Structure formats: C-alpha cells, structure tokens
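Asker: This is the content of input.txt (compact mmCIF, N, CA and C atoms and all ligand atoms):
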# COMPACT_ATOMS: atom_id res chain seq x y z
N MET N 1 67.94 71.48 93.07
CA MET N 1 66.72 71.34 93.88
C MET N 1 66.31 72.71 94.43
N ASP N 2 65.02 72.92 94.53
CA ASP N 2 64.47 74.18 95.01
C ASP N 2 64.59 74.25 96.55
N LEU N 3 65.32 75.26 97.04
CA LEU N 3 65.54 75.37 98.48
C LEU N 3 64.24 75.56 99.24
N LYS N 4 63.35 76.34 98.65
CA LYS N 4 62.07 76.62 99.30
C LYS N 4 61.28 75.32 99.50
N ALA N 5 61.20 74.52 98.45
CA ALA N 5 60.46 73.25 98.53
C ALA N 5 61.12 72.30 99.52
N ALA N 6 62.45 72.30 99.52
CA ALA N 6 63.18 71.40 100.42
C ALA N 6 62.94 71.79 101.88
N ALA N 7 62.98 73.09 102.16
CA ALA N 7 62.79 73.57 103.54
C ALA N 7 61.35 73.32 104.00
N ARG N 8 60.44 73.55 103.09
CA ARG N 8 59.02 73.36 103.41
C ARG N 8 58.74 71.87 103.71
N ALA N 9 59.33 71.00 102.92
CA ALA N 9 59.09 69.56 103.09
C ALA N 9 59.70 69.04 104.39
N VAL N 10 60.93 69.45 104.69
CA VAL N 10 61.57 68.92 105.90
C VAL N 10 60.90 69.46 107.16
N ARG N 11 60.32 70.63 107.07
CA ARG N 11 59.61 71.20 108.22
C ARG N 11 58.53 70.26 108.73
N ASP N 12 57.90 69.53 107.83
CA ASP N 12 56.85 68.59 108.23
C ASP N 12 57.39 67.52 109.19
N ASN N 13 58.68 67.26 109.12
CA ASN N 13 59.27 66.21 109.97
C ASN N 13 59.75 66.73 111.32
N ALA N 14 59.60 68.03 111.55
CA ALA N 14 60.10 68.59 112.82
C ALA N 14 59.46 67.88 114.01
N HIS N 15 60.25 67.76 115.07
CA HIS N 15 59.74 67.18 116.32
C HIS N 15 59.61 68.35 117.28
N ALA N 16 58.42 68.90 117.35
CA ALA N 16 58.21 70.12 118.15
C ALA N 16 56.96 70.01 119.02
N PRO N 17 56.88 68.94 119.85
CA PRO N 17 55.66 68.75 120.64
C PRO N 17 55.55 69.74 121.80
N TYR N 18 56.63 70.43 122.15
CA TYR N 18 56.60 71.33 123.31
C TYR N 18 56.27 72.75 122.90
N SER N 19 56.86 73.22 121.82
CA SER N 19 56.56 74.58 121.35
C SER N 19 55.45 74.59 120.31
N ASN N 20 55.22 73.43 119.68
CA ASN N 20 54.30 73.37 118.53
C ASN N 20 54.70 74.36 117.45
N PHE N 21 55.98 74.62 117.34
CA PHE N 21 56.50 75.56 116.34
C PHE N 21 57.51 74.81 115.48
N LYS N 22 57.05 74.36 114.33
CA LYS N 22 57.92 73.58 113.44
C LYS N 22 58.71 74.51 112.53
N VAL N 23 59.99 74.20 112.38
CA VAL N 23 60.87 75.01 111.53
C VAL N 23 61.59 74.08 110.55
N GLY N 24 61.74 74.55 109.33
CA GLY N 24 62.52 73.81 108.32
C GLY N 24 63.63 74.70 107.79
N ALA N 25 64.79 74.11 107.55
CA ALA N 25 65.91 74.87 106.98
C ALA N 25 66.52 74.08 105.84
N ALA N 26 66.94 74.80 104.80
CA ALA N 26 67.64 74.16 103.68
C ALA N 26 68.84 75.02 103.32
N LEU N 27 69.94 74.35 103.03
CA LEU N 27 71.18 75.03 102.65
C LEU N 27 71.63 74.52 101.30
N ARG N 28 72.09 75.43 100.46
CA ARG N 28 72.77 75.00 99.23
C ARG N 28 74.25 75.27 99.43
N THR N 29 75.07 74.29 99.12
CA THR N 29 76.51 74.47 99.29
C THR N 29 77.13 74.97 98.00
N ALA N 30 78.40 75.35 98.08
CA ALA N 30 79.10 75.87 96.91
C ALA N 30 79.12 74.83 95.79
N SER N 31 79.10 73.55 96.13
CA SER N 31 79.13 72.51 95.10
C SER N 31 77.74 72.23 94.53
N GLY N 32 76.72 72.91 95.07
CA GLY N 32 75.37 72.77 94.52
C GLY N 32 74.49 71.77 95.23
N LYS N 33 75.03 71.10 96.24
CA LYS N 33 74.20 70.12 96.95
C LYS N 33 73.30 70.83 97.96
N VAL N 34 72.18 70.19 98.27
CA VAL N 34 71.22 70.75 99.22
C VAL N 34 71.14 69.86 100.45
N PHE N 35 71.18 70.50 101.62
CA PHE N 35 71.05 69.79 102.89
C PHE N 35 69.93 70.42 103.68
N VAL N 36 69.18 69.57 104.40
CA VAL N 36 68.01 70.07 105.11
C VAL N 36 68.07 69.69 106.58
N GLY N 37 67.33 70.44 107.38
CA GLY N 37 67.22 70.14 108.81
C GLY N 37 65.92 70.69 109.36
N CYS N 38 65.47 70.09 110.45
CA CYS N 38 64.26 70.57 111.13
C CYS N 38 64.58 70.65 112.62
N ASN N 39 63.77 71.39 113.36
CA ASN N 39 64.03 71.44 114.80
C ASN N 39 63.63 70.12 115.45
N VAL N 40 64.43 69.73 116.43
CA VAL N 40 64.22 68.46 117.14
C VAL N 40 64.21 68.79 118.63
N GLU N 41 63.02 68.90 119.20
CA GLU N 41 62.92 69.27 120.61
C GLU N 41 63.07 68.05 121.50
N ASN N 42 63.25 68.33 122.80
CA ASN N 42 63.44 67.26 123.77
C ASN N 42 62.69 67.62 125.04
N VAL N 43 62.22 66.61 125.74
CA VAL N 43 61.50 66.86 127.00
C VAL N 43 62.40 67.60 127.99
N ALA N 44 63.70 67.40 127.89
CA ALA N 44 64.65 68.24 128.63
C ALA N 44 64.91 69.43 127.71
N TYR N 45 64.13 70.47 127.86
CA TYR N 45 64.02 71.54 126.86
C TYR N 45 65.34 72.05 126.28
N PRO N 46 66.37 72.30 127.11
CA PRO N 46 67.60 72.88 126.51
C PRO N 46 68.32 71.93 125.55
N GLU N 47 67.93 70.66 125.54
CA GLU N 47 68.57 69.70 124.64
C GLU N 47 68.02 69.78 123.22
N GLY N 48 67.00 70.57 123.00
CA GLY N 48 66.43 70.69 121.66
C GLY N 48 67.41 71.38 120.72
N THR N 49 67.27 71.07 119.44
CA THR N 49 68.15 71.69 118.44
C THR N 49 67.31 72.38 117.37
N CYS N 50 67.87 73.44 116.82
CA CYS N 50 67.18 74.23 115.79
C CYS N 50 67.32 73.59 114.42
N ALA N 51 66.42 73.98 113.53
CA ALA N 51 66.43 73.48 112.16
C ALA N 51 67.76 73.79 111.46
N GLU N 52 68.26 75.00 111.67
CA GLU N 52 69.50 75.41 111.00
C GLU N 52 70.66 74.52 111.46
N ALA N 53 70.67 74.22 112.77
CA ALA N 53 71.75 73.38 113.30
C ALA N 53 71.71 71.99 112.67
N GLY N 54 70.50 71.46 112.47
CA GLY N 54 70.36 70.14 111.85
C GLY N 54 70.86 70.13 110.42
N ALA N 55 70.52 71.18 109.67
CA ALA N 55 70.96 71.25 108.27
C ALA N 55 72.48 71.39 108.20
N ILE N 56 73.04 72.18 109.10
CA ILE N 56 74.50 72.36 109.11
C ILE N 56 75.18 71.05 109.47
N ALA N 57 74.63 70.34 110.44
CA ALA N 57 75.23 69.05 110.82
C ALA N 57 75.19 68.06 109.65
N ALA N 58 74.09 68.04 108.92
CA ALA N 58 73.98 67.13 107.77
C ALA N 58 75.01 67.50 106.70
N MET N 59 75.19 68.81 106.49
CA MET N 59 76.16 69.29 105.50
C MET N 59 77.58 68.85 105.87
N VAL N 60 77.93 69.07 107.12
CA VAL N 60 79.30 68.75 107.55
C VAL N 60 79.51 67.24 107.54
N ALA N 61 78.49 66.49 107.94
CA ALA N 61 78.61 65.03 107.93
C ALA N 61 78.83 64.50 106.52
N ALA N 62 78.34 65.22 105.52
CA ALA N 62 78.51 64.81 104.13
C ALA N 62 79.83 65.29 103.54
N GLY N 63 80.61 66.00 104.36
CA GLY N 63 81.93 66.44 103.88
C GLY N 63 81.95 67.80 103.24
N GLU N 64 80.86 68.56 103.41
CA GLU N 64 80.78 69.89 102.81
C GLU N 64 80.96 70.96 103.88
N ARG N 65 81.49 72.11 103.48
CA ARG N 65 81.77 73.16 104.47
C ARG N 65 81.39 74.57 104.04
N GLU N 66 80.92 74.73 102.81
CA GLU N 66 80.71 76.09 102.31
C GLU N 66 79.26 76.33 101.92
N ILE N 67 78.58 77.14 102.73
CA ILE N 67 77.18 77.46 102.44
C ILE N 67 77.14 78.59 101.41
N ALA N 68 76.33 78.39 100.35
CA ALA N 68 76.18 79.41 99.32
C ALA N 68 74.86 80.15 99.46
N GLU N 69 73.89 79.50 100.11
CA GLU N 69 72.54 80.07 100.20
C GLU N 69 71.78 79.32 101.30
N ALA N 70 70.92 80.02 102.03
CA ALA N 70 70.14 79.36 103.08
C ALA N 70 68.68 79.82 103.03
N TYR N 71 67.80 78.94 103.48
CA TYR N 71 66.35 79.22 103.48
C TYR N 71 65.76 78.64 104.76
N VAL N 72 65.00 79.45 105.49
CA VAL N 72 64.40 79.01 106.76
C VAL N 72 62.91 79.33 106.70
N ILE N 73 62.09 78.35 107.09
CA ILE N 73 60.64 78.55 107.00
C ILE N 73 59.94 78.07 108.26
N ALA N 74 58.92 78.83 108.68
CA ALA N 74 58.13 78.45 109.84
C ALA N 74 56.72 79.03 109.68
N ASP N 75 55.82 78.52 110.48
CA ASP N 75 54.44 79.00 110.45
C ASP N 75 54.31 80.15 111.45
N SER N 76 54.97 81.26 111.13
CA SER N 76 54.98 82.41 112.02
C SER N 76 54.30 83.59 111.33
N PRO N 77 53.87 84.59 112.11
CA PRO N 77 53.20 85.74 111.50
C PRO N 77 54.10 86.50 110.53
N ASP N 78 55.39 86.56 110.88
CA ASP N 78 56.38 87.20 110.02
C ASP N 78 57.51 86.21 109.80
N PRO N 79 58.27 86.40 108.71
CA PRO N 79 59.39 85.47 108.46
C PRO N 79 60.27 85.33 109.70
N VAL N 80 60.53 84.08 110.09
CA VAL N 80 61.16 83.81 111.37
C VAL N 80 62.65 84.17 111.35
N PRO N 81 63.11 84.98 112.31
CA PRO N 81 64.54 85.28 112.36
C PRO N 81 65.29 84.17 113.09
N PRO N 82 66.41 83.71 112.55
CA PRO N 82 67.18 82.67 113.24
C PRO N 82 67.63 83.16 114.61
N CYS N 83 67.73 82.24 115.58
CA CYS N 83 68.18 82.61 116.91
C CYS N 83 69.66 83.01 116.85
N GLY N 84 70.12 83.63 117.92
CA GLY N 84 71.51 84.10 117.94
C GLY N 84 72.52 83.00 117.71
N GLY N 85 72.28 81.85 118.35
CA GLY N 85 73.21 80.74 118.19
C GLY N 85 73.28 80.26 116.75
N CYS N 86 72.13 80.23 116.08
CA CYS N 86 72.12 79.77 114.68
C CYS N 86 72.78 80.79 113.75
N ARG N 87 72.71 82.05 114.10
CA ARG N 87 73.41 83.06 113.29
C ARG N 87 74.92 82.79 113.34
N GLN N 88 75.40 82.50 114.54
CA GLN N 88 76.83 82.20 114.68
C GLN N 88 77.17 80.90 113.96
N LYS N 89 76.30 79.92 114.03
CA LYS N 89 76.55 78.64 113.34
C LYS N 89 76.60 78.84 111.82
N LEU N 90 75.69 79.66 111.30
CA LEU N 90 75.71 79.94 109.85
C LEU N 90 77.00 80.65 109.47
N ALA N 91 77.42 81.61 110.32
CA ALA N 91 78.62 82.41 110.02
C ALA N 91 79.89 81.55 110.00
N GLU N 92 79.84 80.40 110.66
CA GLU N 92 81.00 79.50 110.64
C GLU N 92 81.28 78.98 109.23
N PHE N 93 80.20 78.83 108.44
CA PHE N 93 80.33 78.18 107.13
C PHE N 93 79.86 79.06 105.97
N ALA N 94 79.59 80.33 106.24
CA ALA N 94 79.08 81.22 105.18
C ALA N 94 79.73 82.58 105.28
N GLY N 95 80.05 83.16 104.15
CA GLY N 95 80.58 84.52 104.12
C GLY N 95 79.48 85.53 104.41
N ARG N 96 79.90 86.77 104.66
CA ARG N 96 78.94 87.83 105.03
C ARG N 96 77.86 88.05 103.98
N ASP N 97 78.22 87.85 102.71
CA ASP N 97 77.27 88.17 101.63
C ASP N 97 76.35 87.01 101.25
N VAL N 98 76.47 85.91 101.93
CA VAL N 98 75.63 84.75 101.59
C VAL N 98 74.16 85.08 101.84
N PRO N 99 73.32 84.90 100.82
CA PRO N 99 71.90 85.23 100.99
C PRO N 99 71.15 84.23 101.87
N VAL N 100 70.29 84.78 102.72
CA VAL N 100 69.44 83.96 103.59
C VAL N 100 68.00 84.42 103.36
N THR N 101 67.13 83.49 103.04
CA THR N 101 65.71 83.82 102.89
C THR N 101 64.96 83.30 104.10
N LEU N 102 64.22 84.21 104.74
CA LEU N 102 63.38 83.86 105.88
C LEU N 102 61.95 83.87 105.37
N ALA N 103 61.20 82.81 105.70
CA ALA N 103 59.89 82.67 105.08
C ALA N 103 58.83 82.19 106.05
N THR N 104 57.58 82.48 105.71
CA THR N 104 56.45 81.93 106.45
C THR N 104 55.76 80.90 105.54
N THR N 105 55.05 79.98 106.19
CA THR N 105 54.36 78.96 105.40
C THR N 105 53.25 79.58 104.55
N SER N 106 52.79 80.79 104.93
CA SER N 106 51.74 81.42 104.13
C SER N 106 52.27 82.21 102.95
N GLY N 107 53.60 82.24 102.80
CA GLY N 107 54.15 82.81 101.57
C GLY N 107 54.93 84.10 101.67
N SER N 108 55.04 84.69 102.89
CA SER N 108 55.87 85.90 103.00
C SER N 108 57.34 85.50 103.01
N GLU N 109 58.16 86.33 102.40
CA GLU N 109 59.60 86.06 102.39
C GLU N 109 60.35 87.35 102.71
N ARG N 110 61.46 87.21 103.43
CA ARG N 110 62.35 88.36 103.66
C ARG N 110 63.75 87.92 103.29
N GLN N 111 64.39 88.70 102.45
CA GLN N 111 65.75 88.39 102.03
C GLN N 111 66.73 89.13 102.92
N THR N 112 67.74 88.42 103.39
CA THR N 112 68.78 89.07 104.17
C THR N 112 70.10 88.37 103.86
N THR N 113 71.12 88.67 104.63
CA THR N 113 72.41 88.01 104.42
C THR N 113 72.97 87.59 105.79
N VAL N 114 73.94 86.73 105.74
CA VAL N 114 74.57 86.27 106.98
C VAL N 114 75.20 87.45 107.72
N GLY N 115 75.81 88.36 106.99
CA GLY N 115 76.45 89.52 107.61
C GLY N 115 75.45 90.47 108.26
N THR N 116 74.29 90.61 107.67
CA THR N 116 73.24 91.47 108.25
C THR N 116 72.66 90.83 109.50
N LEU N 117 72.54 89.51 109.46
CA LEU N 117 71.99 88.81 110.62
C LEU N 117 72.94 88.84 111.81
N LEU N 118 74.24 88.86 111.52
CA LEU N 118 75.22 88.82 112.62
C LEU N 118 76.35 89.82 112.37
N PRO N 119 76.05 91.12 112.53
CA PRO N 119 77.12 92.11 112.35
C PRO N 119 78.14 91.96 113.46
N GLY N 120 79.38 92.21 113.15
CA GLY N 120 80.43 92.14 114.17
C GLY N 120 80.70 90.73 114.64
N ALA N 121 80.46 89.75 113.76
CA ALA N 121 80.61 88.34 114.16
C ALA N 121 82.01 88.03 114.69
N PHE N 122 82.05 87.24 115.72
CA PHE N 122 83.31 86.70 116.22
C PHE N 122 83.83 85.71 115.18
N GLY N 123 85.10 85.87 114.81
CA GLY N 123 85.67 84.97 113.81
C GLY N 123 87.06 84.52 114.21
N ALA N 124 87.63 83.64 113.42
CA ALA N 124 88.94 83.07 113.74
C ALA N 124 90.00 84.16 113.85
N GLY N 125 89.83 85.25 113.05
CA GLY N 125 90.80 86.35 113.09
C GLY N 125 90.92 86.98 114.46
N HIS N 126 89.85 86.91 115.25
CA HIS N 126 89.88 87.50 116.59
C HIS N 126 90.76 86.72 117.56
N MET N 127 91.18 85.55 117.16
CA MET N 127 92.03 84.75 118.05
C MET N 127 93.51 84.86 117.68
N GLU N 128 93.78 85.66 116.62
CA GLU N 128 95.18 85.81 116.21
C GLU N 128 95.91 86.72 117.19
N ARG N 129 97.14 86.36 117.51
CA ARG N 129 97.95 87.21 118.40
C ARG N 129 98.81 88.12 117.55
N ARG N 130 99.12 89.26 118.10
CA ARG N 130 99.99 90.20 117.37
C ARG N 130 101.41 89.66 117.32
N1 LIG S 1 63.72 77.36 116.10
C1 LIG S 1 64.44 76.93 115.01
O1 LIG S 1 64.54 75.72 114.75
N2 LIG S 1 65.03 77.86 114.23
C2 LIG S 1 64.87 79.20 114.36
O2 LIG S 1 65.42 79.95 113.56
C3 LIG S 1 64.05 79.74 115.47
C4 LIG S 1 63.62 78.76 116.48
C5 LIG S 1 63.03 76.35 116.92
C6 LIG S 1 63.64 76.04 118.25
C7 LIG S 1 62.45 75.49 118.99
O3 LIG S 1 62.31 74.10 118.70
C8 LIG S 1 61.26 76.22 118.39
O4 LIG S 1 61.71 76.78 117.18
C9 LIG S 1 60.71 77.32 119.30
O5 LIG S 1 61.72 78.16 119.73
Will you turn the file into structure tokens for me?
Answerer:
Amino acid sequence: MDLKAAARAVRDNAHAPYSNFKVGAALRTASGKVFVGCNVENVAYPEGTCAEAGAIAAMVAAGEREIAEAYVIADSPDPVPPCGGCRQKLAEFAGRDVPVTLATTSGSERQTTVGTLLPGAFGAGHMERR
C-alpha cells in the first residue's frame, strides 16, 4: 500500500476542532504492513494525541514493533515537522536510518530520517550500569 495515500486518507478522519490542523501519519513495518493514525484532540487540550502516536499505537496493538518507513502529512505551508514527543516515540520503534517523509497536502515533501529528527536520542543503552 502507498504510504502517501494512506496518510492522506487517514488525515481526513482527524478530530481537530480546536486547532483546525489535521494531521495524518502512516507507518510501514519491517513485515510490510501499513498502520495509520490521525490527531485526536480533546476539549481538555493536553489530552489530545498526535497522528504519529495513533499510528504507533495501532502498530503495537497489531503485534508489530519495527518501523521501516514513516510518512506524515498536514495542510501546512511547509512539510510539518513532528513534535519532540513524537520524535522520541518514533525512535522507540525505528533505527536512526529509517526514512521519514514530511509532506504538505499541496504536494511538497521533505525527506529526513529518524536520526536526523532526534539526534542524541535517549535510548535503553543510557540506562545500563557500568
Ligand atoms: N500534530 C500532530 O498530530 N503531529 C505533528 O507532527 C504535529 C502536530 C497535531 C497535534 C494537534 O492536534 C495539532 O497538530 C496542532 O498542534
């Protein structure tokens, strides 16, 4: 399945009545399956969740843990950069070299990687004792 089409389609389902900023995310896992998510806002604003978080939750709920590729799309002037929390969430399930495409609904795309989005990421190795 085409990640771009999947992300674009799920974006339509976003619940974003407070920001009016709909975001769609699609992930391809190492096994080739595609999982999607959209932002889900809440009247208690901090309870809202990002599109990337939704896609990751769907992936994990399906028993998958390895992101091979990610795509995020929004109706923004420039390809939307994932928030800091979502960068850390992606890094939990993706290696540094995993490609991430950031896109606008009007067709601009920026290619990056999980490692570029979150240099110096905190990882499990940082909890190891000498
Ligand atoms: N948002 C995402 O879903 N993903 C991003 O990468 C950036 C921001 C959402 C959160 C909130 O619902 C809206 O966009 C405005 O911040």
Asker: Taking only segment 62-104 of chain N into account, list the residues labelled strand (DSSP E or B) by DSSP (computed from the backbone), as a PyMOL selection string.
Answerer: chain N and resi 67-74+99-104
Asker: Just the residues within 8 Å of segment 7-18 of chain N, please, counting all atoms listed in the file, with nothing from its chain fewer than 4 positions along; format it as number ranges by chain.
Answerer: N: 2-3, 22-27, 35-43, 71-74, 105
Asker: Would you work out the distance separating atom C7 of ligand LIG 1 (chain S) from atom CA of Phe21 of chain N, expressed in Å to one decimal?
Answerer: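 It comes out at 6.5 Å.
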Asker: Find the distance between atom N of Ala58 of chain N and atom N of Leu117 of chain N and write it in Å to one decimal.
Answerer: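 Computing the Euclidean distance for atom N of Ala58 of chain N and atom N of Leu117 of chain N yields 21.5 Å.
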Asker: How far is it from atom C2 of ligand LIG 1 (chain S) to atom CA of Gly95 of chain N, in Å with one decimal?
Answerer: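 Rounded to one decimal, the two atoms are 19.5 Å apart.
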Asker: Between N:Lys33, N:Lys89, N:Arg129, N:Arg28, which residue has the minimum interatomic distance to ligand LIG 1 (chain S), considering only C-alpha atoms and all ligand atoms?
Answerer: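 Of all the options, N:Lys89 lies closest to ligand LIG 1 (chain S).
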Asker: Check the DSSP output for the backbone and give back, as a PyMOL selection string, the residues of chain N in alpha helix (DSSP H).
Answerer: chain N and resi 3-11+51-61+84-93+114-117
Asker: With distances taken over only C-alpha atoms and all ligand atoms, which residue among N:Gly115, N:Tyr45, N:Thr29, N:Cys50 lies nearest ligand LIG 1 (chain S)?
Answerer: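 Among the listed residues, N:Cys50 lies closest to ligand LIG 1 (chain S).
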Asker: Find, counting only C-alpha atoms and all ligand atoms, the residue in N:Ser106, N:Ala55, N:Pro81, N:Ala68 that gets nearest to ligand LIG 1 (chain S).
Answerer: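 Of N:Ser106, N:Ala55, N:Pro81, N:Ala68, the one nearest ligand LIG 1 (chain S) is N:Pro81, counting only C-alpha atoms and all ligand atoms.
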Asker: Let me make sure I understand: among N:Ala103, N:Cys83, N:Leu90, N:Met59, which one has the smallest atom-to-atom distance to ligand LIG 1 (chain S) if we use all atoms listed in the file?
Answerer: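 Among the listed residues, N:Cys83 lies closest to ligand LIG 1 (chain S).
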Asker: Of the candidates N:Gly125, N:Pro46, N:Pro77, N:Gly120, which shows the shortest atom-to-atom distance to ligand LIG 1 (chain S), using only C-alpha atoms and all ligand atoms?
Answerer: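 Residue with the minimum atom-to-atom distance to ligand LIG 1 (chain S): N:Pro46.
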